[in-house]
$ cat final.pdb   # PDB, C-alpha atoms and all ligand atoms
ATOM      1  CA  MET Q   1      68.929 141.068  69.140  1.00  0.00           C
ATOM      2  CA  ASP Q   2      69.259 143.645  71.898  1.00  0.00           C
ATOM      3  CA  ILE Q   3      72.617 145.342  71.193  1.00  0.00           C
ATOM      4  CA  GLU Q   4      72.939 147.038  74.593  1.00  0.00           C
ATOM      5  CA  GLY Q   5      75.911 145.690  76.548  1.00  0.00           C
ATOM      6  CA  LYS Q   6      77.093 143.478  73.694  1.00  0.00           C
ATOM      7  CA  VAL Q   7      80.622 143.158  72.271  1.00  0.00           C
ATOM      8  CA  ALA Q   8      81.216 143.111  68.503  1.00  0.00           C
ATOM      9  CA  LEU Q   9      84.182 142.215  66.315  1.00  0.00           C
ATOM     10  CA  ILE Q  10      84.174 143.682  62.786  1.00  0.00           C
ATOM     11  CA  THR Q  11      86.746 142.862  60.106  1.00  0.00           C
ATOM     12  CA  GLY Q  12      87.675 145.520  57.561  1.00  0.00           C
ATOM     13  CA  ALA Q  13      86.281 148.314  59.753  1.00  0.00           C
ATOM     14  CA  GLY Q  14      89.351 150.551  59.631  1.00  0.00           C
ATOM     15  CA  GLN Q  15      88.216 152.656  56.691  1.00  0.00           C
ATOM     16  CA  VAL Q  16      86.154 155.585  58.050  1.00  0.00           C
ATOM     17  CA  GLU Q  17      84.365 155.872  54.707  1.00  0.00           C
ATOM     18  CA  GLY Q  18      83.661 152.139  54.586  1.00  0.00           C
ATOM     19  CA  ILE Q  19      80.753 149.848  55.431  1.00  0.00           C
ATOM     20  CA  GLY Q  20      82.513 148.130  58.370  1.00  0.00           C
ATOM     21  CA  TYR Q  21      83.099 151.452  60.105  1.00  0.00           C
ATOM     22  CA  ALA Q  22      79.434 152.381  59.556  1.00  0.00           C
ATOM     23  CA  ILE Q  23      78.380 149.066  61.136  1.00  0.00           C
ATOM     24  CA  ALA Q  24      80.611 149.825  64.156  1.00  0.00           C
ATOM     25  CA  GLN Q  25      79.105 153.289  64.463  1.00  0.00           C
ATOM     26  CA  GLU Q  26      75.573 151.942  64.328  1.00  0.00           C
ATOM     27  CA  LEU Q  27      76.239 149.264  66.964  1.00  0.00           C
ATOM     28  CA  LEU Q  28      77.752 151.894  69.282  1.00  0.00           C
ATOM     29  CA  ARG Q  29      74.750 154.149  68.678  1.00  0.00           C
ATOM     30  CA  LYS Q  30      72.629 151.244  69.911  1.00  0.00           C
ATOM     31  CA  ASN Q  31      74.715 151.096  73.102  1.00  0.00           C
ATOM     32  CA  ALA Q  32      77.060 148.223  72.385  1.00  0.00           C
ATOM     33  CA  LYS Q  33      79.484 147.873  75.283  1.00  0.00           C
ATOM     34  CA  GLY Q  34      82.530 147.375  73.082  1.00  0.00           C
ATOM     35  CA  VAL Q  35      83.623 147.166  69.477  1.00  0.00           C
ATOM     36  CA  ALA Q  36      86.829 145.705  68.074  1.00  0.00           C
ATOM     37  CA  ILE Q  37      87.944 147.184  64.760  1.00  0.00           C
ATOM     38  CA  LEU Q  38      90.035 144.659  62.799  1.00  0.00           C
ATOM     39  CA  ASP Q  39      91.941 145.748  59.727  1.00  0.00           C
ATOM     40  CA  ILE Q  40      95.127 145.144  57.778  1.00  0.00           C
ATOM     41  CA  HIS Q  41      95.959 148.869  57.520  1.00  0.00           C
ATOM     42  CA  ASP Q  42      97.164 149.946  60.958  1.00  0.00           C
ATOM     43  CA  GLY Q  43      97.317 153.740  60.531  1.00  0.00           C
ATOM     44  CA  MET Q  44      93.797 153.819  59.164  1.00  0.00           C
ATOM     45  CA  GLY Q  45      92.543 151.392  61.809  1.00  0.00           C
ATOM     46  CA  GLN Q  46      93.969 153.442  64.681  1.00  0.00           C
ATOM     47  CA  ASP Q  47      92.386 156.607  63.252  1.00  0.00           C
ATOM     48  CA  ALA Q  48      89.033 154.844  62.967  1.00  0.00           C
ATOM     49  CA  LYS Q  49      89.311 153.630  66.559  1.00  0.00           C
ATOM     50  CA  ASN Q  50      90.185 157.119  67.854  1.00  0.00           C
ATOM     51  CA  GLU Q  51      87.330 158.690  65.911  1.00  0.00           C
ATOM     52  CA  LEU Q  52      84.775 156.189  67.270  1.00  0.00           C
ATOM     53  CA  GLN Q  53      86.093 156.477  70.817  1.00  0.00           C
ATOM     54  CA  LYS Q  54      85.700 160.265  70.607  1.00  0.00           C
ATOM     55  CA  GLN Q  55      82.094 159.877  69.450  1.00  0.00           C
ATOM     56  CA  PHE Q  56      81.137 157.164  71.946  1.00  0.00           C
ATOM     57  CA  ARG Q  57      82.985 157.840  75.193  1.00  0.00           C
ATOM     58  CA  LYS Q  58      81.009 155.358  77.306  1.00  0.00           C
ATOM     59  CA  ALA Q  59      81.902 152.403  75.084  1.00  0.00           C
ATOM     60  CA  VAL Q  60      85.266 150.692  74.688  1.00  0.00           C
ATOM     61  CA  VAL Q  61      86.679 150.681  71.163  1.00  0.00           C
ATOM     62  CA  ILE Q  62      89.870 148.796  70.352  1.00  0.00           C
ATOM     63  CA  TYR Q  63      91.860 148.339  67.169  1.00  0.00           C
ATOM     64  CA  VAL Q  64      93.460 144.965  66.420  1.00  0.00           C
ATOM     65  CA  HIS Q  65      95.717 144.330  63.446  1.00  0.00           C
ATOM     66  CA  CYS Q  66      94.416 141.441  61.357  1.00  0.00           C
ATOM     67  CA  ASP Q  67      94.866 140.029  57.893  1.00  0.00           C
ATOM     68  CA  VAL Q  68      91.785 137.902  57.222  1.00  0.00           C
ATOM     69  CA  SER Q  69      93.654 136.036  54.488  1.00  0.00           C
ATOM     70  CA  SER Q  70      95.905 134.545  57.180  1.00  0.00           C
ATOM     71  CA  LYS Q  71      94.465 131.833  59.425  1.00  0.00           C
ATOM     72  CA  SER Q  72      96.892 132.575  62.284  1.00  0.00           C
ATOM     73  CA  SER Q  73      96.370 136.340  62.070  1.00  0.00           C
ATOM     74  CA  LEU Q  74      92.587 135.970  62.341  1.00  0.00           C
ATOM     75  CA  GLU Q  75      92.896 133.421  65.165  1.00  0.00           C
ATOM     76  CA  GLU Q  76      95.204 135.747  67.139  1.00  0.00           C
ATOM     77  CA  ALA Q  77      92.851 138.692  66.599  1.00  0.00           C
ATOM     78  CA  PHE Q  78      89.841 136.728  67.925  1.00  0.00           C
ATOM     79  CA  GLU Q  79      91.895 135.670  70.985  1.00  0.00           C
ATOM     80  CA  LYS Q  80      92.925 139.278  71.669  1.00  0.00           C
ATOM     81  CA  VAL Q  81      89.347 140.533  71.453  1.00  0.00           C
ATOM     82  CA  LYS Q  82      87.955 137.760  73.689  1.00  0.00           C
ATOM     83  CA  THR Q  83      90.727 138.307  76.243  1.00  0.00           C
ATOM     84  CA  HIS Q  84      90.212 142.070  76.236  1.00  0.00           C
ATOM     85  CA  PHE Q  85      86.435 142.059  76.690  1.00  0.00           C
ATOM     86  CA  GLY Q  86      85.902 138.646  78.291  1.00  0.00           C
ATOM     87  CA  ARG Q  87      83.016 138.006  75.905  1.00  0.00           C
ATOM     88  CA  LEU Q  88      81.974 138.172  72.266  1.00  0.00           C
ATOM     89  CA  ASP Q  89      78.411 138.459  70.946  1.00  0.00           C
ATOM     90  CA  ILE Q  90      78.520 139.754  67.368  1.00  0.00           C
ATOM     91  CA  VAL Q  91      80.969 138.966  64.556  1.00  0.00           C
ATOM     92  CA  CYS Q  92      80.811 140.852  61.246  1.00  0.00           C
ATOM     93  CA  ASN Q  93      82.916 139.278  58.508  1.00  0.00           C
ATOM     94  CA  ASN Q  94      83.073 142.370  56.371  1.00  0.00           C
ATOM     95  CA  ALA Q  95      86.619 142.751  54.975  1.00  0.00           C
ATOM     96  CA  GLY Q  96      86.653 142.521  51.210  1.00  0.00           C
ATOM     97  CA  ILE Q  97      88.527 143.595  48.112  1.00  0.00           C
ATOM     98  CA  LEU Q  98      87.737 143.887  44.439  1.00  0.00           C
ATOM     99  CA  ASN Q  99      90.708 142.765  42.362  1.00  0.00           C
ATOM    100  CA  GLU Q 100      89.998 140.722  39.254  1.00  0.00           C
ATOM    101  CA  ASP Q 101      93.715 140.634  38.306  1.00  0.00           C
ATOM    102  CA  ASN Q 102      94.812 139.108  41.598  1.00  0.00           C
ATOM    103  CA  TRP Q 103      91.792 136.835  41.794  1.00  0.00           C
ATOM    104  CA  GLU Q 104      93.504 134.359  44.132  1.00  0.00           C
ATOM    105  CA  LEU Q 105      93.817 137.128  46.721  1.00  0.00           C
ATOM    106  CA  THR Q 106      90.194 138.150  46.137  1.00  0.00           C
ATOM    107  CA  LEU Q 107      89.119 134.561  46.852  1.00  0.00           C
ATOM    108  CA  ASN Q 108      91.353 134.342  49.892  1.00  0.00           C
ATOM    109  CA  ILE Q 109      90.166 137.567  51.493  1.00  0.00           C
ATOM    110  CA  ASN Q 110      86.494 137.656  50.510  1.00  0.00           C
ATOM    111  CA  LEU Q 111      85.549 133.999  50.702  1.00  0.00           C
ATOM    112  CA  MET Q 112      88.136 132.211  52.817  1.00  0.00           C
ATOM    113  CA  GLY Q 113      88.327 135.147  55.260  1.00  0.00           C
ATOM    114  CA  THR Q 114      84.560 134.942  55.729  1.00  0.00           C
ATOM    115  CA  ILE Q 115      84.594 131.167  56.226  1.00  0.00           C
ATOM    116  CA  ARG Q 116      87.490 131.406  58.696  1.00  0.00           C
ATOM    117  CA  GLY Q 117      85.736 134.189  60.589  1.00  0.00           C
ATOM    118  CA  THR Q 118      82.464 132.255  60.754  1.00  0.00           C
ATOM    119  CA  TYR Q 119      84.098 129.122  62.202  1.00  0.00           C
ATOM    120  CA  LEU Q 120      86.113 131.189  64.687  1.00  0.00           C
ATOM    121  CA  ALA Q 121      82.894 132.951  65.712  1.00  0.00           C
ATOM    122  CA  LEU Q 122      81.362 129.553  66.499  1.00  0.00           C
ATOM    123  CA  GLU Q 123      84.348 128.650  68.702  1.00  0.00           C
ATOM    124  CA  HIS Q 124      84.317 131.984  70.538  1.00  0.00           C
ATOM    125  CA  MET Q 125      80.563 132.459  70.989  1.00  0.00           C
ATOM    126  CA  GLY Q 126      79.064 128.945  70.918  1.00  0.00           C
ATOM    127  CA  VAL Q 127      77.421 127.747  74.147  1.00  0.00           C
ATOM    128  CA  ASN Q 128      79.250 124.415  73.946  1.00  0.00           C
ATOM    129  CA  TYR Q 129      82.549 126.337  73.835  1.00  0.00           C
ATOM    130  CA  GLY Q 130      81.829 128.420  76.949  1.00  0.00           C
ATOM    131  CA  GLY Q 131      80.149 131.337  75.158  1.00  0.00           C
ATOM    132  CA  SER Q 132      76.597 132.671  75.389  1.00  0.00           C
ATOM    133  CA  GLY Q 133      75.714 132.295  71.719  1.00  0.00           C
ATOM    134  CA  GLY Q 134      75.675 135.187  69.278  1.00  0.00           C
ATOM    135  CA  VAL Q 135      75.204 136.498  65.806  1.00  0.00           C
ATOM    136  CA  VAL Q 136      77.418 136.375  62.702  1.00  0.00           C
ATOM    137  CA  ILE Q 137      76.810 138.823  59.847  1.00  0.00           C
ATOM    138  CA  ASN Q 138      78.657 138.162  56.596  1.00  0.00           C
ATOM    139  CA  THR Q 139      78.926 140.994  54.080  1.00  0.00           C
ATOM    140  CA  ALA Q 140      78.001 139.608  50.665  1.00  0.00           C
ATOM    141  CA  SER Q 141      76.654 141.909  47.926  1.00  0.00           C
ATOM    142  CA  THR Q 142      73.983 142.232  45.258  1.00  0.00           C
ATOM    143  CA  ALA Q 143      76.846 140.736  43.201  1.00  0.00           C
ATOM    144  CA  GLY Q 144      76.152 137.607  45.270  1.00  0.00           C
ATOM    145  CA  VAL Q 145      72.617 137.225  43.946  1.00  0.00           C
ATOM    146  CA  MET Q 146      72.863 138.495  40.377  1.00  0.00           C
ATOM    147  CA  THR Q 147      75.340 138.074  37.544  1.00  0.00           C
ATOM    148  CA  THR Q 148      78.227 140.478  37.095  1.00  0.00           C
ATOM    149  CA  SER Q 149      80.110 139.117  34.110  1.00  0.00           C
ATOM    150  CA  LEU Q 150      82.791 141.796  34.323  1.00  0.00           C
ATOM    151  CA  LEU Q 151      83.454 141.221  38.023  1.00  0.00           C
ATOM    152  CA  SER Q 152      83.499 137.458  37.571  1.00  0.00           C
ATOM    153  CA  VAL Q 153      85.635 136.492  40.548  1.00  0.00           C
ATOM    154  CA  TYR Q 154      84.370 139.182  42.921  1.00  0.00           C
ATOM    155  CA  GLY Q 155      80.821 138.102  42.053  1.00  0.00           C
ATOM    156  CA  ALA Q 156      81.729 134.452  42.523  1.00  0.00           C
ATOM    157  CA  THR Q 157      83.091 135.139  46.017  1.00  0.00           C
ATOM    158  CA  LYS Q 158      79.896 136.941  46.949  1.00  0.00           C
ATOM    159  CA  HIS Q 159      77.676 134.140  45.546  1.00  0.00           C
ATOM    160  CA  ALA Q 160      79.747 131.691  47.583  1.00  0.00           C
ATOM    161  CA  ILE Q 161      79.371 133.800  50.730  1.00  0.00           C
ATOM    162  CA  VAL Q 162      75.584 133.753  50.276  1.00  0.00           C
ATOM    163  CA  ALA Q 163      75.598 129.967  49.767  1.00  0.00           C
ATOM    164  CA  PHE Q 164      77.961 129.310  52.688  1.00  0.00           C
ATOM    165  CA  THR Q 165      75.916 131.554  54.979  1.00  0.00           C
ATOM    166  CA  ARG Q 166      72.646 129.822  54.045  1.00  0.00           C
ATOM    167  CA  ASN Q 167      74.234 126.426  54.694  1.00  0.00           C
ATOM    168  CA  VAL Q 168      75.729 127.208  58.100  1.00  0.00           C
ATOM    169  CA  ALA Q 169      72.590 129.091  59.150  1.00  0.00           C
ATOM    170  CA  ASP Q 170      70.789 125.773  58.746  1.00  0.00           C
ATOM    171  CA  ASN Q 171      73.563 123.671  60.289  1.00  0.00           C
ATOM    172  CA  ASN Q 172      72.745 121.846  63.532  1.00  0.00           C
ATOM    173  CA  LYS Q 173      76.113 122.556  65.116  1.00  0.00           C
ATOM    174  CA  PHE Q 174      75.505 126.281  64.777  1.00  0.00           C
ATOM    175  CA  LYS Q 175      71.919 125.940  65.976  1.00  0.00           C
ATOM    176  CA  LYS Q 176      72.886 123.885  69.040  1.00  0.00           C
ATOM    177  CA  ASN Q 177      75.556 126.462  69.877  1.00  0.00           C
ATOM    178  CA  LYS Q 178      72.999 129.283  69.564  1.00  0.00           C
ATOM    179  CA  VAL Q 179      75.019 131.040  66.893  1.00  0.00           C
ATOM    180  CA  ARG Q 180      72.805 132.637  64.264  1.00  0.00           C
ATOM    181  CA  VAL Q 181      74.407 133.374  60.873  1.00  0.00           C
ATOM    182  CA  SER Q 182      73.100 135.856  58.288  1.00  0.00           C
ATOM    183  CA  ALA Q 183      74.385 137.726  55.272  1.00  0.00           C
ATOM    184  CA  ILE Q 184      73.754 141.235  54.048  1.00  0.00           C
ATOM    185  CA  CYS Q 185      73.758 142.101  50.331  1.00  0.00           C
ATOM    186  CA  PRO Q 186      74.407 145.808  49.878  1.00  0.00           C
ATOM    187  CA  ALA Q 187      73.953 147.388  46.465  1.00  0.00           C
ATOM    188  CA  LYS Q 188      76.470 150.006  45.342  1.00  0.00           C
ATOM    189  CA  VAL Q 189      77.769 152.121  48.230  1.00  0.00           C
ATOM    190  CA  ASP Q 190      80.140 155.006  47.619  1.00  0.00           C
ATOM    191  CA  THR Q 191      83.220 153.719  49.469  1.00  0.00           C
ATOM    192  CA  PRO Q 192      86.905 153.400  48.486  1.00  0.00           C
ATOM    193  CA  ILE Q 193      86.320 149.866  47.123  1.00  0.00           C
ATOM    194  CA  GLN Q 194      84.548 151.604  44.229  1.00  0.00           C
ATOM    195  CA  ASP Q 195      87.755 153.481  43.331  1.00  0.00           C
ATOM    196  CA  PHE Q 196      89.063 150.631  41.195  1.00  0.00           C
ATOM    197  CA  ASP Q 197      90.361 151.397  37.751  1.00  0.00           C
ATOM    198  CA  ARG Q 198      87.438 150.804  35.371  1.00  0.00           C
ATOM    199  CA  THR Q 199      89.858 150.549  32.456  1.00  0.00           C
ATOM    200  CA  MET Q 200      91.313 147.347  33.902  1.00  0.00           C
ATOM    201  CA  ILE Q 201      88.062 145.657  32.901  1.00  0.00           C
ATOM    202  CA  PRO Q 202      87.316 146.057  29.181  1.00  0.00           C
ATOM    203  CA  ASP Q 203      83.775 147.286  28.450  1.00  0.00           C
ATOM    204  CA  PHE Q 204      83.018 147.768  32.119  1.00  0.00           C
ATOM    205  CA  GLU Q 205      79.398 148.566  32.733  1.00  0.00           C
ATOM    206  CA  GLU Q 206      77.896 149.579  36.058  1.00  0.00           C
ATOM    207  CA  PHE Q 207      75.361 147.198  37.597  1.00  0.00           C
ATOM    208  CA  LYS Q 208      71.758 147.757  36.767  1.00  0.00           C
ATOM    209  CA  TYR Q 209      70.303 147.398  40.270  1.00  0.00           C
TER     210      TYR Q 209
HETATM  211  N1  LIG Z   1      80.922 149.556  48.466  1.00  0.00           N
HETATM  212  C1  LIG Z   1      80.075 148.791  47.790  1.00  0.00           C
HETATM  213  O1  LIG Z   1      79.481 149.195  46.776  1.00  0.00           O
HETATM  214  C2  LIG Z   1      79.789 147.391  48.270  1.00  0.00           C
HETATM  215  C3  LIG Z   1      78.624 146.748  47.823  1.00  0.00           C
HETATM  216  C4  LIG Z   1      78.359 145.460  48.260  1.00  0.00           C
HETATM  217  C5  LIG Z   1      79.221 144.830  49.124  1.00  0.00           C
HETATM  218  N2  LIG Z   1      80.349 145.467  49.541  1.00  0.00           N
HETATM  219  C6  LIG Z   1      81.226 144.746  50.458  1.00  0.00           C
HETATM  220  O2  LIG Z   1      81.304 145.451  51.677  1.00  0.00           O
HETATM  221  C7  LIG Z   1      82.529 145.114  52.347  1.00  0.00           C
HETATM  222  C8  LIG Z   1      83.226 146.382  52.785  1.00  0.00           C
HETATM  223  O3  LIG Z   1      83.611 147.101  51.634  1.00  0.00           O
HETATM  224  P1  LIG Z   1      83.623 148.698  51.564  1.00  0.00           P
HETATM  225  O4  LIG Z   1      82.729 149.085  50.449  1.00  0.00           O
HETATM  226  O5  LIG Z   1      83.415 149.278  52.908  1.00  0.00           O
HETATM  227  O6  LIG Z   1      85.119 148.888  51.029  1.00  0.00           O
HETATM  228  P2  LIG Z   1      86.396 149.546  51.710  1.00  0.00           P
HETATM  229  O7  LIG Z   1      87.488 149.353  50.734  1.00  0.00           O
HETATM  230  O8  LIG Z   1      86.067 150.921  52.165  1.00  0.00           O
HETATM  231  O9  LIG Z   1      86.622 148.659  53.004  1.00  0.00           O
HETATM  232  C9  LIG Z   1      87.250 147.419  52.987  1.00  0.00           C
HETATM  233  C10 LIG Z   1      88.075 147.295  54.245  1.00  0.00           C
HETATM  234  O10 LIG Z   1      88.661 145.999  54.278  1.00  0.00           O
HETATM  235  C11 LIG Z   1      90.017 146.128  54.695  1.00  0.00           C
HETATM  236  N3  LIG Z   1      90.792 144.990  54.238  1.00  0.00           N
HETATM  237  C12 LIG Z   1      91.216 144.721  52.964  1.00  0.00           C
HETATM  238  N4  LIG Z   1      91.939 143.591  52.950  1.00  0.00           N
HETATM  239  C13 LIG Z   1      91.961 143.121  54.230  1.00  0.00           C
HETATM  240  C14 LIG Z   1      92.550 141.995  54.850  1.00  0.00           C
HETATM  241  N5  LIG Z   1      93.269 141.109  54.153  1.00  0.00           N
HETATM  242  N6  LIG Z   1      92.370 141.817  56.177  1.00  0.00           N
HETATM  243  C15 LIG Z   1      91.660 142.714  56.896  1.00  0.00           C
HETATM  244  N7  LIG Z   1      91.085 143.811  56.366  1.00  0.00           N
HETATM  245  C16 LIG Z   1      91.235 144.010  55.047  1.00  0.00           C
HETATM  246  C17 LIG Z   1      90.468 147.456  54.077  1.00  0.00           C
HETATM  247  O11 LIG Z   1      91.638 147.963  54.691  1.00  0.00           O
HETATM  248  C18 LIG Z   1      89.226 148.311  54.315  1.00  0.00           C
HETATM  249  O12 LIG Z   1      89.235 148.922  55.577  1.00  0.00           O
HETATM  250  C19 LIG Z   1      83.332 144.281  51.349  1.00  0.00           C
HETATM  251  O13 LIG Z   1      83.175 142.908  51.658  1.00  0.00           O
HETATM  252  C20 LIG Z   1      82.671 144.588  50.019  1.00  0.00           C
HETATM  253  O14 LIG Z   1      82.850 143.555  49.081  1.00  0.00           O
HETATM  254  C21 LIG Z   1      80.647 146.738  49.146  1.00  0.00           C
END

$ encode --input "final.pdb" --output "structure tokens"
Amino acid sequence: MDIEGKVALITGAGQVEGIGYAIAQELLRKNAKGVAILDIHDGMGQDAKNELQKQFRKAVVIYVHCDVSSKSSLEEAFEKVKTHFGRLDIVCNNAGILNEDNWELTLNINLMGTIRGTYLALEHMGVNYGGSGGVVINTASTAGVMTTSLLSVYGATKHAIVAFTRNVADNNKFKKNKVRVSAICPAKVDTPIQDFDRTMIPDFEEFKY
């Protein structure tokens, strides 16, 4: 896809040391016209927006508060981005947490947030909904293609993201609407998500990649 002139929405991009922020930076480097940073942490999100805007003065960078675990919050954020830019071409469902204790929240953010974001992307970019088509990138993980017995729920959400992405990528509704859906599976990246307390998981062992 030619990124020049395109508008992207990225969830969980408010952490300047995180993967979502790096995706935003890379899209702007490739001359995206605009990027919307969505995050649940407003102070961090505003800082990320200001930092990107300083680096890429020709582009338009906005920050929009969004909790991907809330259907209405994600819907409102998509509306705001579409209204602001008048178009949407790229959606990165990237927000994620690693919390085996609060596994319901991990499911809600990682998996349900990604599913919500993918269906909203279809409605905001699909040609039968008035859009021009586009691309959805879901952030899974190597934990989505190999076993991680000590990160059982996190790994399950990432396996499910891979399966969901493969299914919708092959789905006729998405194809007819010219919305392409893919997943990325990063291995370990040194970001704040890695700062979890290893002692909360007995006998924690790092992945063997
Ligand atoms: N870092 C790694 O080793 C690694 C490896 C594979 C996959 N991943 C995945 O990459 C994605 C990004 O993680 P990261 O490593 O950049 O971690 P990170 O903690 O730096 O970034 C996660 C971002 O998501 C935001 N977020 C959390 N809950 C949210 C919510 N409810 N709504 C909106 N935003 C929310 C956080 O505020 C943060 O900005 C995650 O899906 C993660 O599972 C990370």

$ axis_aligned_box --input "final.pdb" --around "ligand LIG 1 (chain Z)" --padding-each-side "3 Å" --output "JSON"
{"center_x": 85.8, "center_y": 146.0, "center_z": 51.8, "size_x": 20.9, "size_y": 15.8, "size_z": 16.1}

$ atom_distance --input "final.pdb" --atom1 "atom CA of Ile3 of chain Q" --atom2 "atom CA of Thr142 of chain Q"
26.2 Å

$ residues_around --input "final.pdb" --residues "Glu79 of chain Q" --least-positions-apart "3" --cutoff "12 Å" --atoms "only C-alpha atoms" --output "mmCIF file with C-alpha atoms, keeping the file's coordinate frame"
data_model
loop_
_atom_site.group_PDB
_atom_site.id
_atom_site.type_symbol
_atom_site.label_atom_id
_atom_site.label_comp_id
_atom_site.auth_asym_id
_atom_site.auth_seq_id
_atom_site.Cartn_x
_atom_site.Cartn_y
_atom_site.Cartn_z
ATOM 1 C CA LEU Q 9 84.182 142.215 66.315
ATOM 2 C CA ALA Q 36 86.829 145.705 68.074
ATOM 3 C CA VAL Q 64 93.460 144.965 66.420
ATOM 4 C CA CYS Q 66 94.416 141.441 61.357
ATOM 5 C CA SER Q 72 96.892 132.575 62.284
ATOM 6 C CA SER Q 73 96.370 136.340 62.070
ATOM 7 C CA LEU Q 74 92.587 135.970 62.341
ATOM 8 C CA GLU Q 75 92.896 133.421 65.165
ATOM 9 C CA GLU Q 76 95.204 135.747 67.139
ATOM 10 C CA LYS Q 82 87.955 137.760 73.689
ATOM 11 C CA THR Q 83 90.727 138.307 76.243
ATOM 12 C CA HIS Q 84 90.212 142.070 76.236
ATOM 13 C CA PHE Q 85 86.435 142.059 76.690
ATOM 14 C CA GLY Q 86 85.902 138.646 78.291
ATOM 15 C CA ARG Q 87 83.016 138.006 75.905
ATOM 16 C CA LEU Q 88 81.974 138.172 72.266
ATOM 17 C CA LEU Q 120 86.113 131.189 64.687
ATOM 18 C CA ALA Q 121 82.894 132.951 65.712
ATOM 19 C CA GLU Q 123 84.348 128.650 68.702
ATOM 20 C CA HIS Q 124 84.317 131.984 70.538
ATOM 21 C CA MET Q 125 80.563 132.459 70.989
#

$ closest_residue --input "final.pdb" --among "Q:Glu51, Q:Asp89, Q:Glu26, Q:Asp195" --to "ligand LIG 1 (chain Z)" --atoms "all atoms listed in the file"
Q:Asp195

$ atom_distance --input "final.pdb" --atom1 "atom CA of Lys33 of chain Q" --atom2 "atom CA of Tyr21 of chain Q"
16.0 Å

$ resolve_selection --input "final.pdb" --expression "the PyMOL selection byres (((chain Q and resi 163-167) around 8) and not hetatm)" --output "PyMOL selection string"
chain Q and resi 115+138+159-162+168-171+181-183

$ atom_distance --input "final.pdb" --atom1 "atom CA of Gln15 of chain Q" --atom2 "atom CA of Gly133 of chain Q"
28.2 Å

$ closest_atom_pairs --input "final.pdb" --of "chain Q" --to "ligand LIG 1 (chain Z)" --cutoff "6 Å" --atoms "all atoms listed in the file" --output "CSV"
residue,atom,partner,partner_atom,distance
Q:Thr11,CA,Z:LIG1,N7,5.8
Q:Gly12,CA,Z:LIG1,O10,3.5
Q:Ala13,CA,Z:LIG1,O12,5.2
Q:Gly14,CA,Z:LIG1,O12,4.4
Q:Gln15,CA,Z:LIG1,O12,4.0
Q:Glu17,CA,Z:LIG1,O8,5.8
Q:Gly18,CA,Z:LIG1,O5,3.3
Q:Ile19,CA,Z:LIG1,O5,3.7
Q:Gly20,CA,Z:LIG1,O5,5.7
Q:Asp39,CA,Z:LIG1,N7,4.0
Q:Ile40,CA,Z:LIG1,C15,4.3
Q:His41,CA,Z:LIG1,O11,5.2
Q:Cys66,CA,Z:LIG1,C15,5.4
Q:Asp67,CA,Z:LIG1,N6,3.5
Q:Val68,CA,Z:LIG1,N6,4.1
Q:Ser69,CA,Z:LIG1,N5,5.1
Q:Asn94,CA,Z:LIG1,O13,4.7
Q:Ala95,CA,Z:LIG1,O10,3.9
Q:Gly96,CA,Z:LIG1,O13,3.5
Q:Ile97,CA,Z:LIG1,C12,5.7
Q:Ile109,CA,Z:LIG1,N5,5.4
Q:Thr139,CA,Z:LIG1,O13,5.3
Q:Ala140,CA,Z:LIG1,C5,5.6
Q:Ser141,CA,Z:LIG1,C4,4.0
Q:Pro186,CA,Z:LIG1,C4,4.3
Q:Ala187,CA,Z:LIG1,C3,4.9
Q:Lys188,CA,Z:LIG1,O1,3.4
Q:Val189,CA,Z:LIG1,O1,3.7
Q:Asp190,CA,Z:LIG1,N1,5.6
Q:Thr191,CA,Z:LIG1,O4,4.8
Q:Pro192,CA,Z:LIG1,O8,4.5
Q:Ile193,CA,Z:LIG1,O7,3.8
Q:Gln194,CA,Z:LIG1,N1,5.9

$ closest_residue --input "final.pdb" --among "Q:Lys176, Q:Lys71, Q:Lys54, Q:Lys49" --to "Tyr119 of chain Q" --atoms "only C-alpha atoms"
Q:Lys71

$ closest_residue --input "final.pdb" --among "Q:Val7, Q:Val136, Q:Cys92, Q:Val145" --to "Cys185 of chain Q" --atoms "only C-alpha atoms"
Q:Val145

$ resolve_selection --input "final.pdb" --expression "the PyMOL selection byres (((chain Q and resi 147) around 12) and not hetatm)" --output "PyMOL selection string"
chain Q and resi 141-146+148-159+206-209

$ closest_residue --input "final.pdb" --among "Q:Phe196, Q:Tyr63, Q:Phe78, Q:Phe56" --to "Asp101 of chain Q" --atoms "all atoms listed in the file"
Q:Phe196

$ closest_residue --input "final.pdb" --among "Q:Leu38, Q:Ala24, Q:Leu107, Q:Val179" --to "Ala59 of chain Q" --atoms "only C-alpha atoms"
Q:Ala24
